[in-house]
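See below for work-v4.tsv, which holds TSV, C-alpha atoms.
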chain	number	residue	atom	x	y	z
V	229	MET	CA	-27.88	3.30	17.32
V	230	ILE	CA	-25.54	1.22	19.54
V	231	ILE	CA	-28.35	-1.21	20.36
V	232	LEU	CA	-29.23	-1.50	16.65
V	233	ARG	CA	-25.61	-2.26	15.79
V	234	TYR	CA	-25.53	-5.15	18.26
V	235	LEU	CA	-28.85	-6.45	16.98
V	236	LEU	CA	-27.19	-6.65	13.55
V	237	PHE	CA	-24.37	-8.86	14.89
V	238	PRO	CA	-25.50	-11.92	12.84
V	239	PHE	CA	-24.96	-9.85	9.69
V	240	SER	CA	-21.47	-9.01	10.92
V	241	ILE	CA	-20.72	-12.73	11.11
V	242	LEU	CA	-22.02	-13.18	7.55
V	243	TYR	CA	-20.04	-10.20	6.27
V	244	GLY	CA	-16.89	-11.48	7.99
V	245	TRP	CA	-17.41	-14.88	6.43
V	246	ILE	CA	-17.78	-13.38	2.94
V	247	THR	CA	-14.66	-11.19	3.24
V	248	SER	CA	-12.66	-14.10	4.67
V	249	ILE	CA	-13.58	-16.28	1.67
V	250	ARG	CA	-12.58	-13.44	-0.66
V	251	ASN	CA	-9.19	-13.09	1.02
V	252	PHE	CA	-8.70	-16.86	1.00
V	253	VAL	CA	-9.23	-17.17	-2.76
V	254	PHE	CA	-6.75	-14.35	-3.39
V	255	ASP	CA	-4.22	-15.83	-0.95
V	256	LYS	CA	-4.44	-19.21	-2.68
V	257	GLY	CA	-4.22	-17.73	-6.18
V	258	ILE	CA	-7.72	-18.85	-7.16
V	259	LEU	CA	-8.39	-15.21	-7.97
V	260	LYS	CA	-5.35	-13.57	-9.52
V	261	SER	CA	-3.47	-10.65	-8.02
V	262	TYR	CA	-1.38	-8.62	-10.46
V	263	SER	CA	2.13	-7.41	-9.66
V	264	PHE	CA	4.05	-4.68	-11.44
V	265	ASP	CA	7.75	-4.08	-12.01
V	266	ILE	CA	7.74	-0.83	-10.05
V	267	PRO	CA	7.71	0.02	-6.32
V	268	ILE	CA	4.07	0.26	-5.22
V	269	ILE	CA	3.14	1.31	-1.69
V	270	ALA	CA	-0.46	0.77	-0.57
V	271	VAL	CA	-1.79	2.88	2.32
V	272	GLY	CA	-5.04	1.83	3.90
V	273	ASN	CA	-6.92	0.57	6.92
V	274	LEU	CA	-9.17	-2.23	8.11
V	275	SER	CA	-11.99	0.07	9.17
V	276	VAL	CA	-14.27	2.67	7.64
V	277	GLY	CA	-13.83	6.26	8.77
V	278	GLY	CA	-10.93	8.63	9.09
V	279	THR	CA	-7.57	7.16	9.99
V	280	GLY	CA	-5.47	9.89	8.38
V	281	LYS	CA	-4.72	8.31	5.00
V	282	THR	CA	-4.32	11.61	3.13
V	283	PRO	CA	-1.78	13.11	5.60
V	284	GLN	CA	0.15	9.84	5.40
V	285	ILE	CA	0.16	9.89	1.59
V	286	GLU	CA	1.39	13.48	1.72
V	287	TYR	CA	4.13	12.44	4.16
V	288	LEU	CA	5.32	9.80	1.68
V	289	ILE	CA	5.26	12.31	-1.18
V	290	ARG	CA	7.47	14.69	0.79
V	291	LEU	CA	9.81	11.83	1.69
V	292	LEU	CA	10.17	10.34	-1.79
V	293	SER	CA	9.62	13.13	-4.33
V	294	PRO	CA	13.09	14.71	-3.98
V	295	ASN	CA	14.62	11.55	-5.46
V	296	TYR	CA	11.86	9.75	-7.38
V	297	LYS	CA	9.07	10.52	-9.84
V	298	ILE	CA	5.91	9.90	-7.83
V	299	ALA	CA	2.31	9.12	-8.76
V	300	THR	CA	-0.68	8.73	-6.46
V	301	LEU	CA	-3.64	6.60	-7.45
V	302	SER	CA	-6.98	6.42	-5.65
V	303	ARG	CA	-10.56	5.64	-6.60
V	304	GLY	CA	-11.57	9.31	-6.20
V	305	TYR	CA	-14.35	8.81	-3.70
V	306	LYS	CA	-17.61	10.65	-4.61
V	307	ARG	CA	-16.15	12.17	-7.77
V	308	LYS	CA	-18.50	12.94	-10.65
V	309	SER	CA	-16.37	11.30	-13.33
V	310	ASP	CA	-15.76	7.73	-14.48
V	311	GLY	CA	-12.81	5.57	-15.36
V	312	PHE	CA	-9.19	6.68	-15.37
V	313	VAL	CA	-8.57	10.41	-14.92
V	314	LEU	CA	-5.16	12.04	-14.72
V	315	ALA	CA	-5.13	15.42	-12.98
V	316	ASP	CA	-4.30	18.46	-15.09
V	317	SER	CA	-4.87	22.22	-15.09
V	318	ASN	CA	-8.59	21.71	-15.81
V	319	SER	CA	-9.19	19.37	-12.88
V	320	ASN	CA	-11.34	20.17	-9.89
V	321	ALA	CA	-12.74	18.41	-6.83
V	322	GLU	CA	-15.80	17.16	-8.72
V	323	ILE	CA	-13.64	15.47	-11.37
V	324	LEU	CA	-11.02	14.00	-9.05
V	325	GLY	CA	-12.65	13.86	-5.63
V	326	ASP	CA	-11.67	16.21	-2.84
V	327	GLU	CA	-8.60	14.43	-1.48
V	328	PRO	CA	-6.88	13.74	-4.85
V	329	PHE	CA	-7.58	17.33	-5.89
V	330	GLN	CA	-6.07	18.57	-2.63
V	331	ILE	CA	-2.93	16.52	-3.34
V	332	HIS	CA	-2.81	17.78	-6.93
V	333	GLN	CA	-2.89	21.38	-5.74
V	334	LYS	CA	-0.24	20.87	-3.06
V	335	PHE	CA	2.11	18.78	-5.21
V	336	PRO	CA	1.72	19.96	-8.82
V	337	ASN	CA	4.93	18.23	-9.95
V	338	ILE	CA	3.69	14.68	-9.33
V	339	HIS	CA	1.12	12.60	-11.20
V	340	VAL	CA	-2.25	12.40	-9.43
V	341	ALA	CA	-4.69	9.90	-10.93
V	342	VAL	CA	-8.00	8.31	-10.02
V	343	ASP	CA	-9.46	5.00	-11.13
V	344	ALA	CA	-11.71	2.58	-9.25
V	345	GLN	CA	-9.93	-0.22	-11.12
V	346	ARG	CA	-6.44	0.10	-9.65
V	347	LYS	CA	-4.92	-2.37	-12.12
V	348	ASN	CA	-6.07	-0.29	-15.06
V	349	GLY	CA	-4.98	2.90	-13.31
V	350	ILE	CA	-1.45	1.57	-12.84
V	351	GLU	CA	-1.30	0.39	-16.44
V	352	GLN	CA	-2.37	3.84	-17.67
V	353	LEU	CA	0.24	5.57	-15.49
V	354	LEU	CA	2.97	3.31	-16.83
V	355	LYS	CA	2.05	4.28	-20.41
V	356	LEU	CA	2.86	7.94	-19.75
V	357	ASP	CA	5.94	9.39	-21.44
V	358	ASN	CA	7.06	10.74	-18.07
V	359	LYS	CA	6.01	7.61	-16.21
V	360	PRO	CA	6.37	7.39	-12.43
V	361	GLU	CA	9.11	5.51	-10.60
V	362	VAL	CA	6.98	4.94	-7.49
V	363	ILE	CA	3.19	4.63	-7.19
V	364	LEU	CA	1.32	5.35	-3.95
V	365	LEU	CA	-2.05	3.61	-3.72
V	366	ASP	CA	-4.49	5.48	-1.49
V	367	ASP	CA	-7.07	3.42	0.44
V	368	ALA	CA	-6.12	0.17	-1.27
V	369	PHE	CA	-5.56	-2.28	1.59
V	370	GLN	CA	-8.60	-4.35	0.54
V	371	HIS	CA	-7.94	-3.99	-3.19
V	372	ARG	CA	-6.54	-7.50	-3.65
V	373	LYS	CA	-6.55	-7.52	-7.46
V	374	VAL	CA	-3.30	-5.52	-7.34
V	375	LYS	CA	-0.47	-6.87	-5.22
V	376	ALA	CA	1.52	-3.95	-3.88
V	377	GLY	CA	5.13	-4.39	-2.91
V	378	PHE	CA	4.67	-2.70	0.46
V	379	TYR	CA	1.59	-2.28	2.67
V	380	ILE	CA	1.12	0.42	5.32
V	381	LEU	CA	-1.82	-0.24	7.64
V	382	LEU	CA	-3.26	2.71	9.56
V	383	SER	CA	-5.38	2.43	12.70
V	384	SER	CA	-6.66	5.41	14.64
V	385	PHE	CA	-5.70	5.61	18.32
V	386	ASP	CA	-9.31	6.28	19.34
V	387	ASP	CA	-10.67	3.36	17.29
V	388	LEU	CA	-8.01	0.62	17.33
V	389	TYR	CA	-8.79	-2.18	14.91
V	390	PHE	CA	-8.12	-4.99	17.41
V	391	ASN	CA	-10.92	-3.69	19.65
V	392	ASP	CA	-13.43	-3.43	16.80
V	393	PHE	CA	-16.05	-5.68	15.18
V	394	MET	CA	-17.05	-6.35	11.61
V	395	LEU	CA	-19.61	-4.17	9.88
V	396	PRO	CA	-22.42	-3.43	10.60
V	397	THR	CA	-21.90	-4.03	14.37
V	398	GLY	CA	-18.50	-2.38	14.25
V	399	ASN	CA	-16.48	-0.52	11.65
V	400	LEU	CA	-14.19	-3.23	10.25
V	401	ARG	CA	-14.22	-3.84	6.50
V	402	GLU	CA	-12.54	-7.21	7.00
V	403	SER	CA	-11.35	-9.44	9.82
V	404	ARG	CA	-8.62	-8.24	12.17
V	405	THR	CA	-6.42	-10.99	10.72
V	406	GLY	CA	-6.09	-8.86	7.59
V	407	ALA	CA	-3.45	-6.90	9.51
V	408	LYS	CA	-1.05	-9.76	8.79
V	409	ARG	CA	-0.66	-8.42	5.23
V	410	ALA	CA	0.89	-5.22	6.56
V	411	ASN	CA	4.61	-4.53	6.27
V	412	VAL	CA	4.26	-1.61	8.68
V	413	ILE	CA	1.48	-0.53	11.07
V	414	ILE	CA	0.99	3.10	12.08
V	415	ILE	CA	-1.25	4.04	14.99
V	416	THR	CA	-2.48	7.47	13.93
V	417	LYS	CA	-4.04	10.46	15.68
V	418	CYS	CA	-2.29	9.68	18.96
V	419	PRO	CA	-1.86	12.21	21.76
V	420	LYS	CA	1.48	13.94	21.27
V	421	ASP	CA	2.56	12.87	24.76
V	422	LEU	CA	1.54	9.20	24.45
V	423	SER	CA	3.83	7.38	26.86
V	424	GLU	CA	6.26	4.63	25.95
V	425	LEU	CA	4.35	2.31	28.31
V	426	ALA	CA	1.07	2.98	26.45
V	427	GLN	CA	2.79	2.40	23.13
V	428	GLN	CA	4.21	-0.92	24.30
V	429	ASN	CA	0.78	-1.99	25.54
V	430	ILE	CA	-0.72	-1.40	22.07
V	431	ILE	CA	2.19	-3.22	20.40
V	432	ARG	CA	1.61	-6.19	22.73
V	433	LYS	CA	-2.11	-6.29	21.87
V	434	ILE	CA	-1.38	-6.17	18.13
V	435	GLY	CA	0.94	-9.16	18.55
V	436	LEU	CA	2.49	-9.07	15.08
V	437	ASN	CA	6.16	-9.17	14.17
V	438	VAL	CA	6.12	-6.00	12.04
V	439	PRO	CA	7.40	-2.49	12.76
V	440	ILE	CA	4.76	-0.43	14.58
V	441	PHE	CA	4.92	3.36	14.71
V	442	PHE	CA	2.87	6.04	16.45
V	443	SER	CA	1.93	9.32	14.81
V	444	PHE	CA	-0.13	12.40	15.61
V	445	ILE	CA	-1.89	15.07	13.60
V	446	ASP	CA	0.17	18.24	13.67
V	447	TYR	CA	-1.80	21.43	12.96
V	448	ASP	CA	-0.27	24.47	11.32
V	449	SER	CA	0.25	27.66	13.29
V	450	GLU	CA	-1.53	29.66	10.56
V	451	VAL	CA	-4.71	29.43	8.47
V	452	TYR	CA	-4.57	30.21	4.76
V	453	ASN	CA	-6.41	30.99	1.59
V	454	GLU	CA	-5.08	31.73	-1.86
V	455	PHE	CA	-4.29	35.35	-1.00
V	456	GLU	CA	-3.34	35.67	2.65
V	457	SER	CA	-2.76	33.95	5.97
V	458	GLU	CA	-3.60	34.58	9.62
V	459	LYS	CA	-1.85	33.32	12.75
V	460	VAL	CA	-4.02	30.96	14.77
V	461	GLU	CA	-3.00	32.60	18.04
V	462	GLU	CA	-4.30	35.94	16.75
V	463	ILE	CA	-7.71	34.65	15.65
V	464	ILE	CA	-8.44	32.08	18.34
V	465	ASP	CA	-10.67	34.50	20.27
V	466	VAL	CA	-12.16	36.13	17.18
V	467	ASP	CA	-15.86	35.56	16.53
V	468	LYS	CA	-15.77	33.01	13.69
V	469	LEU	CA	-17.52	30.10	11.96
V	470	LEU	CA	-15.81	26.71	12.03
V	471	LEU	CA	-16.90	24.31	9.29
V	472	ALA	CA	-15.94	20.67	8.78
V	473	GLY	CA	-17.09	17.87	6.48
V	474	ILE	CA	-14.62	15.18	7.58
V	475	ALA	CA	-14.99	11.85	9.35
V	476	LYS	CA	-13.73	12.90	12.80
V	477	PRO	CA	-13.78	16.70	13.13
V	478	GLU	CA	-13.46	16.97	16.92
V	479	PRO	CA	-9.67	17.67	17.01
V	480	PHE	CA	-10.08	20.34	14.31
V	481	PHE	CA	-12.72	22.11	16.38
V	482	ALA	CA	-10.76	21.69	19.61
V	483	TYR	CA	-7.67	23.32	18.09
V	484	LEU	CA	-9.52	26.43	16.88
V	485	GLN	CA	-12.65	26.81	18.92
V	486	ALA	CA	-13.45	29.61	21.33
V	487	GLU	CA	-16.62	29.70	23.40
V	488	LYS	CA	-18.57	32.07	21.13
V	489	ASN	CA	-17.66	30.37	17.85
V	490	VAL	CA	-20.33	28.83	15.61
V	491	LYS	CA	-19.79	25.27	14.35
V	492	LEU	CA	-21.19	23.60	11.25
V	493	VAL	CA	-20.70	19.87	10.74
V	494	TYR	CA	-21.35	18.03	7.47
V	495	PRO	CA	-20.81	14.38	6.45
V	496	ASP	CA	-17.40	13.24	5.23
V	497	HIS	CA	-16.74	14.10	1.53
V	498	HIS	CA	-19.90	16.21	1.50
V	499	HIS	CA	-20.82	17.92	-1.78
V	500	PHE	CA	-22.05	21.37	-0.80
V	501	SER	CA	-25.37	22.32	-2.39
V	502	GLU	CA	-26.70	25.83	-3.02
V	503	LYS	CA	-28.81	25.40	0.11
V	504	ASP	CA	-25.69	24.49	2.11
V	505	ILE	CA	-23.85	27.57	0.83
V	506	GLU	CA	-26.74	29.80	1.83
V	507	GLU	CA	-26.75	28.22	5.28
V	508	ILE	CA	-23.01	28.85	5.62
V	509	LYS	CA	-23.38	32.50	4.56
V	510	ASN	CA	-26.27	33.05	6.97
V	511	LYS	CA	-24.45	31.41	9.88
V	512	ALA	CA	-21.22	33.24	9.10
V	513	ASN	CA	-22.90	36.65	8.85
V	514	ASN	CA	-19.60	38.18	7.67
V	515	LYS	CA	-17.57	36.35	10.30
V	516	LEU	CA	-14.24	34.71	9.56
V	517	ILE	CA	-14.85	31.18	8.16
V	518	ILE	CA	-12.26	28.48	8.84
V	519	THR	CA	-12.56	25.01	7.36
V	520	THR	CA	-10.43	21.95	6.78
V	521	GLU	CA	-8.06	21.71	3.85
V	522	LYS	CA	-10.18	18.96	2.31
V	523	ASP	CA	-13.36	21.04	2.52
V	524	TYR	CA	-11.62	24.17	1.25
V	525	VAL	CA	-11.03	22.68	-2.22
V	526	ARG	CA	-14.83	22.30	-2.57
V	527	LEU	CA	-15.73	25.67	-1.08
V	528	LYS	CA	-13.13	28.10	-2.40
V	529	ASN	CA	-15.13	28.95	-5.56
V	530	GLN	CA	-18.44	29.42	-3.73
V	531	ASN	CA	-18.10	33.18	-3.15
V	532	LEU	CA	-17.65	32.84	0.61
V	533	LYS	CA	-16.03	35.88	2.18
V	534	SER	CA	-13.07	35.50	4.57
V	535	LEU	CA	-12.74	31.75	3.93
V	536	PHE	CA	-9.56	30.12	5.27
V	537	TYR	CA	-8.33	26.55	5.77
V	538	LEU	CA	-6.16	24.93	8.43
V	539	PRO	CA	-3.43	22.63	7.04
V	540	ILE	CA	-2.50	19.44	8.85
V	541	LYS	CA	0.32	16.96	8.54
V	542	SER	CA	1.25	13.61	10.01
V	543	SER	CA	4.21	13.55	12.40
V	544	PHE	CA	5.76	10.66	14.33
V	545	ILE	CA	5.99	10.69	18.11
V	546	SER	CA	9.35	8.94	17.84
V	547	LYS	CA	11.39	6.75	15.48
V	548	GLY	CA	10.36	8.78	12.43
V	549	ASP	CA	13.84	8.29	10.99
V	550	ASP	CA	13.37	4.51	11.29
V	551	PHE	CA	10.12	4.71	9.35
V	552	ASN	CA	11.73	6.88	6.68
V	553	GLN	CA	14.61	4.46	6.28
V	554	THR	CA	12.24	1.48	6.02
V	555	ILE	CA	10.42	3.15	3.12
V	556	LEU	CA	13.61	4.34	1.43
V	557	ASN	CA	15.13	0.86	1.73
V	558	TYR	CA	12.08	-0.73	0.09
V	559	VAL	CA	11.95	1.77	-2.76
V	560	GLY	CA	15.71	1.78	-3.28
V	561	THR	CA	15.98	-2.01	-3.30
V	562	SER	CA	12.98	-2.40	-5.61
V	563	THR	CA	14.35	0.20	-8.01
V	564	ARG	CA	17.82	-1.40	-8.14
V	565	ASN	CA	16.30	-4.83	-8.77
V	566	ARG	CA	14.23	-3.73	-11.78

Would you mind giving the structure from this file in structure tokens?
Amino acid sequence: MIILRYLLFPFSILYGWITSIRNFVFDKGILKSYSFDIPIIAVGNLSVGGTGKTPQIEYLIRLLSPNYKIATLSRGYKRKSDGFVLADSNSNAEILGDEPFQIHQKFPNIHVAVDAQRKNGIEQLLKLDNKPEVILLDDAFQHRKVKAGFYILLSSFDDLYFNDFMLPTGNLRESRTGAKRANVIIITKCPKDLSELAQQNIIRKIGLNVPIFFSFIDYDSEVYNEFESEKVEEIIDVDKLLLAGIAKPEPFFAYLQAEKNVKLVYPDHHHFSEKDIEEIKNKANNKLIITTEKDYVRLKNQNLKSLFYLPIKSSFISKGDDFNQTILNYVGTSTRNR
């Protein structure tokens, strides 16, 4: 696979050329970007794959929702619906996509919407009687038709964008220079004990005059379902099935896995078929089943016994208060200037 990727390098050059032209025509106003009279924060990345966008969106919701009416808007990847959809009591993962549905369940007092056309999605949200005061755009760094007021660029510690190549040789959706659009860069999924020296080395390699923060994935001390919870320390040695359909499941497995545990790995955003469910039941054989929060929203109605999920959240290694204040300053200033 690695050899094939390098053989495809000429296509990476072509793809980079196409995306650079696209960015150029938006930068020069040849193609129009639309702005809105409301604070809009776009969270995204330069690469494909998991950089922790959903935990970061949830972090922003927790930060802002005590003082502002919040809406999230994403395309709803792999959903089985079209156009603009606003989450309600009848929504599920097939209608919204797994990540928006997860957010809807965790934060029922905010608006959660999906629309591949972000401009239309924002317009629909602003028509609501109880319209939002802040909109969070999920995975919208390359969506140039809407001009957000603030851009948060995420890059995973184990796959830093400045070491990567364009698709299909590497994982970049656009050139590394796209990072210049960011107001803040967060290096995600870092080791908790990442040294100050290592952080400064990454900052030096990025070479941009923007605030750069370092975060890690913090796992809960308990696993949950709709009815009960179990302490991780009490089940770590229990014979169990670990199941993940996310982009980079290794830390999830490492946190929970004991030697005798069974693992099942599916593609990111996987829609579980009847055959998959039978496989899970056969592998589980009445064992405890633990999955990710994102997978749980697609599996909880599949009649799987002893199914639990492990929540995660994004936490900063240091300077979290500085990040919070940067966001609050942007939203507060934008709101006052309306």

Set out as CSV a contact list for region 422-504 of chain V and region 384-387 of chain V with a cut-off of 10 Å, giving each residue of region 422-504 of chain V that qualifies its closest atom pair and distance in Å to one decimal, counting all atoms listed in the file, ordered by chain and rising residue number.
residue,atom,partner,partner_atom,distance
V:Ile430,CA,V:Phe385,CA,9.4
V:Phe442,CA,V:Phe385,CA,8.8
V:Ser443,CA,V:Phe385,CA,9.2
V:Phe444,CA,V:Phe385,CA,9.2

Which of V:Tyr243, V:Tyr262, V:Tyr389, V:Phe500 sits closest to Val525 (chain V) [using all atoms listed in the file] =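 The answer is V:Phe500, which sits nearest to Val525 (chain V).
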
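Residue nearest Gly244 (chain V), chosen from V:Ile231, V:Ala341, V:Leu381, V:Leu400 and counting all atoms listed in the file: V:Leu400.
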
ask   = Looking at V:Ile298, V:Ala482, V:Ala315, V:Leu471, which one is nearest to Tyr524 (chain V), with distances taken over only C-alpha atoms?
value = V:Leu471

ask   = Can you tell me, as a count of residues only, what residues are no more than 9 Å from Ala344 (chain V) when counting all atoms listed in the file, ignoring any on the same chain fewer than 4 positions away?
value = 9

With region 275-284 of chain V as the partner and 10 Å as the cut-off, tabulate the residues of region 402-498 of chain V that qualify, each row holding the nearest pair of atoms and their distance in Å to one decimal, using all atoms listed in the file, sorted by chain and rising number, as a Markdown table.
| residue | atom | partner | partner_atom | distance |
| --- | --- | --- | --- | --- |
| V:Glu402 | CA | V:Ser275 | CA | 7.6 |
| V:Ser403 | CA | V:Ser275 | CA | 9.6 |
| V:Arg404 | CA | V:Ser275 | CA | 9.5 |
| V:Ile414 | CA | V:Gln284 | CA | 9.5 |
| V:Ile415 | CA | V:Thr279 | CA | 8.6 |
| V:Thr416 | CA | V:Thr279 | CA | 6.4 |
| V:Lys417 | CA | V:Gly280 | CA | 7.5 |
| V:Ser443 | CA | V:Gln284 | CA | 9.6 |
| V:Phe444 | CA | V:Gly280 | CA | 9.3 |
| V:Ile445 | CA | V:Gly280 | CA | 8.2 |
| V:Asp446 | CA | V:Pro283 | CA | 9.8 |
| V:Ile474 | CA | V:Gly278 | CA | 7.7 |
| V:Ala475 | CA | V:Gly278 | CA | 5.2 |
| V:Lys476 | CA | V:Gly278 | CA | 6.3 |
| V:Pro477 | CA | V:Gly278 | CA | 9.5 |
| V:Asp496 | CA | V:Gly277 | CA | 8.6 |

Residues within 12 Å of (-5.9, -13.6, -5.6), counting only C-alpha atoms, listed as a PyMOL selection string = chain V and resi 249-263+370-375

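Nearest to Lys433 (chain V) of all the residues V:Leu388, V:Ile268, V:Ile285, V:Ile545 is V:Leu388, counting all atoms listed in the file.
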
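Closest approach to Phe551 (chain V) from the set V:Ile413, V:Ile241, V:Ala486, V:Ala407 is made by V:Ile413, with distances taken over all atoms listed in the file.
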
query = Closest to Phe378 (chain V) among V:Leu353, V:Ile540, V:Val271, V:Ala321, using only C-alpha atoms?
reply =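 Closest to Phe378 (chain V) of all the choices is V:Val271.
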
task = Would you work out the distance separating CA of Ile380 (chain V) from CA of Asn320 (chain V), expressed in Å to one decimal?
result =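 Pair CA of Ile380 (chain V) / CA of Asn320 (chain V) returns 27.9 Å.
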
Could you make a table, as a tab-separated table, of the residues of region 522-559 of chain V that have an atom within 10 Å of an atom of region 454-462 of chain V, each with its nearest atom pair and distance in Å to one decimal, counting all atoms listed in the file, in chain and number order?
residue	atom	partner	partner_atom	distance
V:Lys528	CA	V:Glu454	CA	8.8
V:Ser534	CA	V:Glu456	CA	9.9
V:Leu535	CA	V:Glu454	CA	9.6
V:Phe536	CA	V:Ser457	CA	7.8
V:Tyr537	CA	V:Ser457	CA	9.3
V:Leu538	CA	V:Val460	CA	9.0

Output of the above residues as a short mmCIF file (atom, residue, chain, number, x, y, z; two decimals), keeping the file's coordinate frame, restricted to C-alpha atoms:
data_model
loop_
_atom_site.label_atom_id
_atom_site.label_comp_id
_atom_site.auth_asym_id
_atom_site.auth_seq_id
_atom_site.Cartn_x
_atom_site.Cartn_y
_atom_site.Cartn_z
CA LYS V 528 -13.13 28.10 -2.40
CA SER V 534 -13.07 35.50 4.57
CA LEU V 535 -12.74 31.75 3.93
CA PHE V 536 -9.56 30.12 5.27
CA TYR V 537 -8.33 26.55 5.77
CA LEU V 538 -6.16 24.93 8.43
#

message = Using all atoms listed in the file - which residues lie no farther than 6 Å from the point (7.8, 2.7, -7.7) in the file's frame? Write them as a list of chain:residue names.
response =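 The answer, in the requested form, is V:Ile266, V:Pro267, V:Ile268, V:Glu361, V:Val362, V:Ile363.
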
note = CA of Leu274 (chain V) to CA of Arg401 (chain V) measures 5.5 Å

key: Tyr379 (chain V) environment, 7 Å, only C-alpha atoms, sequence neighbours closer than 6 positions dropped, as a PyMOL selection string   = chain V and resi 269-271+410-412

query = Near Leu492 (chain V), counting all atoms listed in the file, which residues have an atom at most 8 Å away, once you skip same-chain residues fewer than 4 positions from it, shown as a PyMOL selection string?
reply = chain V and resi 469-472+508

Draw an axis-aligned box tight on the listed atoms of region 392-398 of chain V, then pad every side by 6 Å and write out centre and edge lengths in Å to one decimal as AutoDock Vina command-line options.
--center_x -17.9 --center_y -4.4 --center_z 13.3 --size_x 21.0 --size_y 16.0 --size_z 18.9

query = What is the CA of Asn489 (chain V) to CA of Ile331 (chain V) distance in Å?
reply =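 It comes out at 29.3 Å.
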
ask   = Which residues, written as a list in words, have at least one atom at most 9 Å from His497 (chain V), with only C-alpha atoms counted and residues fewer than 3 positions away on the same chain left out?
value =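 Those residues are Tyr305, Lys306, Gly325, Asp326, Glu327, Gly473, Ile474, Ala475, Tyr494, Lys522 and Asp523 of chain V.
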